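Only one structure is covered here, and it is reproduced in the block below.
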Amino acid sequence: MSEKILAVNAGSSSLKLKLFTMPEEVELFQGAADRITGSGEGEFSYKKAGGERVKLSLNMPDHEVAIGKLLEVLVESGAVTDVEEIKGVGHRVVQGGEFFKDSALSTPENLEVIESLNSLAPLHNPANVMGVRAFSKVLPNATQVLVFDTVFHQTMPEVNYLYPIERKFYDEYKIRRYGAHGTSHKYVSEAAAKVLGKDLSDTSVVVAHLGNGASITEVVAGKSMNTSMGFTPTGGLIMGTRTGDIDPTVITYLQKIKGLDADGMSDLVTKQSGMLAATGFSNDMRDVEEAVADGKHPHHAQAVVAFDMFIKRIADFITLYAADVVAGGRNVDAISFTAGIGENSSTVRKLVVDRLAILGAKLDEVANNTRGTVDITAENSKVKILVIPTEEELMIARDTVRLRG
Ligand code: ADP
């Protein structure tokens with residue numbers, strides 16, 4: 001029987017949702033609220049399937065107000081006649097630690113476990129739980145389901161998730177690599193197998209999820225073997241405002257000379273670094289590409305170097321993971337690009353693939369300028385290059401249906 005399912009991604013000052021009819025997987029509505037800060041006007045937008053996006057300025061003091069407004073326009077747009085039609089709400093939760101090996105129903109105990117993991121995802125987990133609590137109040141009859149970014153990476157072998165620090169730090173404090181974006185890496189690796197016409201169990205793919213947050217994952221036979229994000233989503237690639245991997249003594253040295261405490265330092269590496277710091281002006285890849293292309297841009301020289309750093313780090317991780325697939329006795333079937341930058345920037349894809357000569361990777365320039373799910377492999381390439389738009393919300397809706405039983 002068809003049912004309406006909401007997929008929700010709640011951030012500290014934002015909220016995104018999509019409504020699907022399941023199991024048909026038809027998207028009916030999407031809405032977003034940004035700058036839920038209480039002071040000043042926030043940005044509110046929504047779009048009914050096949051309709052135009054409507055944008056409004058709205059004061060949203062808290063998430064409950066934003067959710068109330070989103071549900072109001074959802075009914076007004078005719079996506080549902082009554083919010084009681086929504087039978088399940090699936091929530092993205094960034095950090096599930098080692099506790100969650102699968103998505104789970106929202107229970108007071110499970111929410112407590114997530115809260116106990118707050119220090120592992122301080123930017124995300126508290127906001128995710130706030131979203132679950134707010135929806136439980138507004139839609140008390142819907143099943144609330146928790147879908148974790150970390151679950152997909154729980155298949156990584158110890159050799160890839162342990163850090164070279166005393167074992168007790170793992171045993172007692174659970175300090176290890178967790179990774180993130182798992183829902184996206186799972187979706188894209190499964191979709192890649194379909195595009196390749198291969199069984200998932202016979203497929204090895206390196207997935208490059210390149211958004212404001214970015215990570216690369218080695219997926220063998222549908223299982224995550226290694227991923228570039230680490231203990232928190234700050235590790236790995238150079239991101240919009242996050243450093244990615246960095247010599248740890250840079251942190252301790254900076255801490256000393258700047259007199260920063262742990263929170264101040266954490267703020268510096270997660271919110272004030274990455275492309276924003278390296279370019280000196282923006283974390284938005286569209287701005288960065290513009291500055292690179294425009295020799296007269298005031299930040300041109302810095303942007304050129306930052307952009308090179310960004311591209312090189314991506315190619316380095318892809319090369320590492322491809323080598324690991326081969327060392328494991330398999331071939332790399334495809335490299336798949338996804339998320340805001342991976343799906344939209346033909347320049348980033350071209351420059352990354354140009355650096356993958358060791359894999360014999362070549363892309364087709366014409367195909368590279370098409371949109372949607374597309375095979376951009378050149379005829380003489382030794383490995384397939386794919387672009388696969390990610391569908392994290394659909395994966396959340398699928399799990400919500402599965403857990404509702
Ligand atoms: P997140 O979900 O981590 O916030 P997204 O996956 O939405 O991030 O990706 C956002 C990034 O995608 C931004 O850096 C934005 O500049 C970039 N982006 C979107 N469209 C384009 C484009 N046409 N060319 C280059 N970058 C783009």
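Residues are referred to by chain and number: the chain letter is A, B, ... according to the order shown in the structure tokens, the number counts from 1 in that chain, and ligands are numbered separately from 1 in the order shown.
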Please identify all polymer residues within 12 Å of Phe100 (chain A), counting only C-alpha atoms, omitting same-chain residues fewer than 3 positions from it, and present them as a list of chain:residue names.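 The neighbour list is A:Val93, A:Val94, A:Gln95, A:Gly96, A:Gly97, A:Ser103, A:Ala104, A:Leu105, A:Asn110, A:Leu111, A:Val113, A:Ile114, A:Leu117, A:Leu146, A:Val147, A:Phe148, A:Asp149, A:Thr150, A:Val151, A:Phe152, A:His153, A:Gln154, A:Thr155, A:Tyr178.
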Environment of ligand 1 within 10 Å, counting only C-alpha atoms and all ligand atoms, reported as a ChimeraX atom specification: /A:181,209-215,239-241,275,282-290,338-348,389-390
Tell me which protein, DNA and RNA residues are within 7 Å of region 22-25 of chain A, counting only C-alpha atoms, leaving out same-chain ones fewer than 6 positions away, and put them as a ChimeraX atom specification. /A:2-5
Can you write just those residues out, N, CA and C atoms, as a PDB file, in the first residue's frame?
```
ATOM      1  N   SER A   2       0.465   2.246  -0.768  1.00  0.00           N
ATOM      2  CA  SER A   2       1.245   3.488  -0.821  1.00  0.00           C
ATOM      3  C   SER A   2       1.159   4.251   0.482  1.00  0.00           C
ATOM      4  N   GLU A   3       2.255   4.882   0.880  1.00  0.00           N
ATOM      5  CA  GLU A   3       2.190   5.756   2.049  1.00  0.00           C
ATOM      6  C   GLU A   3       3.126   6.944   1.857  1.00  0.00           C
ATOM      7  N   LYS A   4       2.827   8.009   2.575  1.00  0.00           N
ATOM      8  CA  LYS A   4       3.628   9.237   2.445  1.00  0.00           C
ATOM      9  C   LYS A   4       4.684   9.250   3.545  1.00  0.00           C
ATOM     10  N   ILE A   5       5.920   9.476   3.111  1.00  0.00           N
ATOM     11  CA  ILE A   5       7.055   9.431   4.034  1.00  0.00           C
ATOM     12  C   ILE A   5       7.881  10.711   3.876  1.00  0.00           C
TER      13      ILE A   5
END
```
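Rounded to one decimal, CA of Gly274 (chain A) and CA of Leu351 (chain A) lie 18.8 Å from each other.
Here CA of Lys87 (chain A) stands at a distance of 16.7 Å from CA of Gln30 (chain A).
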From the set A:Phe135, A:Phe231, A:Phe44, A:Phe337, which residue has the shortest atom-to-atom contact distance to Tyr163 (chain A), counting only C-alpha atoms?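 For Tyr163 (chain A), the nearest of the candidates is A:Phe231.
Using only C-alpha atoms, the nearest neighbour of Lys362 (chain A) within the list A:Ser12, A:Lys382, A:Ile175, A:Asp375 is A:Lys382.
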Write out as a PDB file with C-alpha atoms, in the first residue's frame the residues lying within 8 Å of region 368-370 of chain A, counting only C-alpha atoms and excluding same-chain residues fewer than 6 positions away.
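Saved the output as around-v5.pdb:
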```pdb
ATOM      1  CA  SER A 346      32.687  19.785 -15.109  1.00  0.00           C
ATOM      2  CA  ARG A 349      35.822  16.523 -12.702  1.00  0.00           C
ATOM      3  CA  LYS A 350      38.114  17.212 -15.666  1.00  0.00           C
ATOM      4  CA  ILE A 376      31.550  10.472 -18.956  1.00  0.00           C
TER       5      ILE A 376
END
```
Quick one, how far is CA of Phe99 (chain A) from CA of Ser116 (chain A)? 10.8 Å
Contacts of Gly38 (chain A) at 9 Å or less, counting only C-alpha atoms, minus same-chain residues fewer than 4 places along, as an NGL selection string? :A and (42 or 59-62)
What lies within 8 Å of Tyr161 (chain A) using only C-alpha atoms, ignoring chain neighbours under 5 positions off, as a list in words?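 Neighbouring residues, sequence-local ones excluded: Met156, Arg176, Arg177, Tyr178 and Asn226 of chain A.
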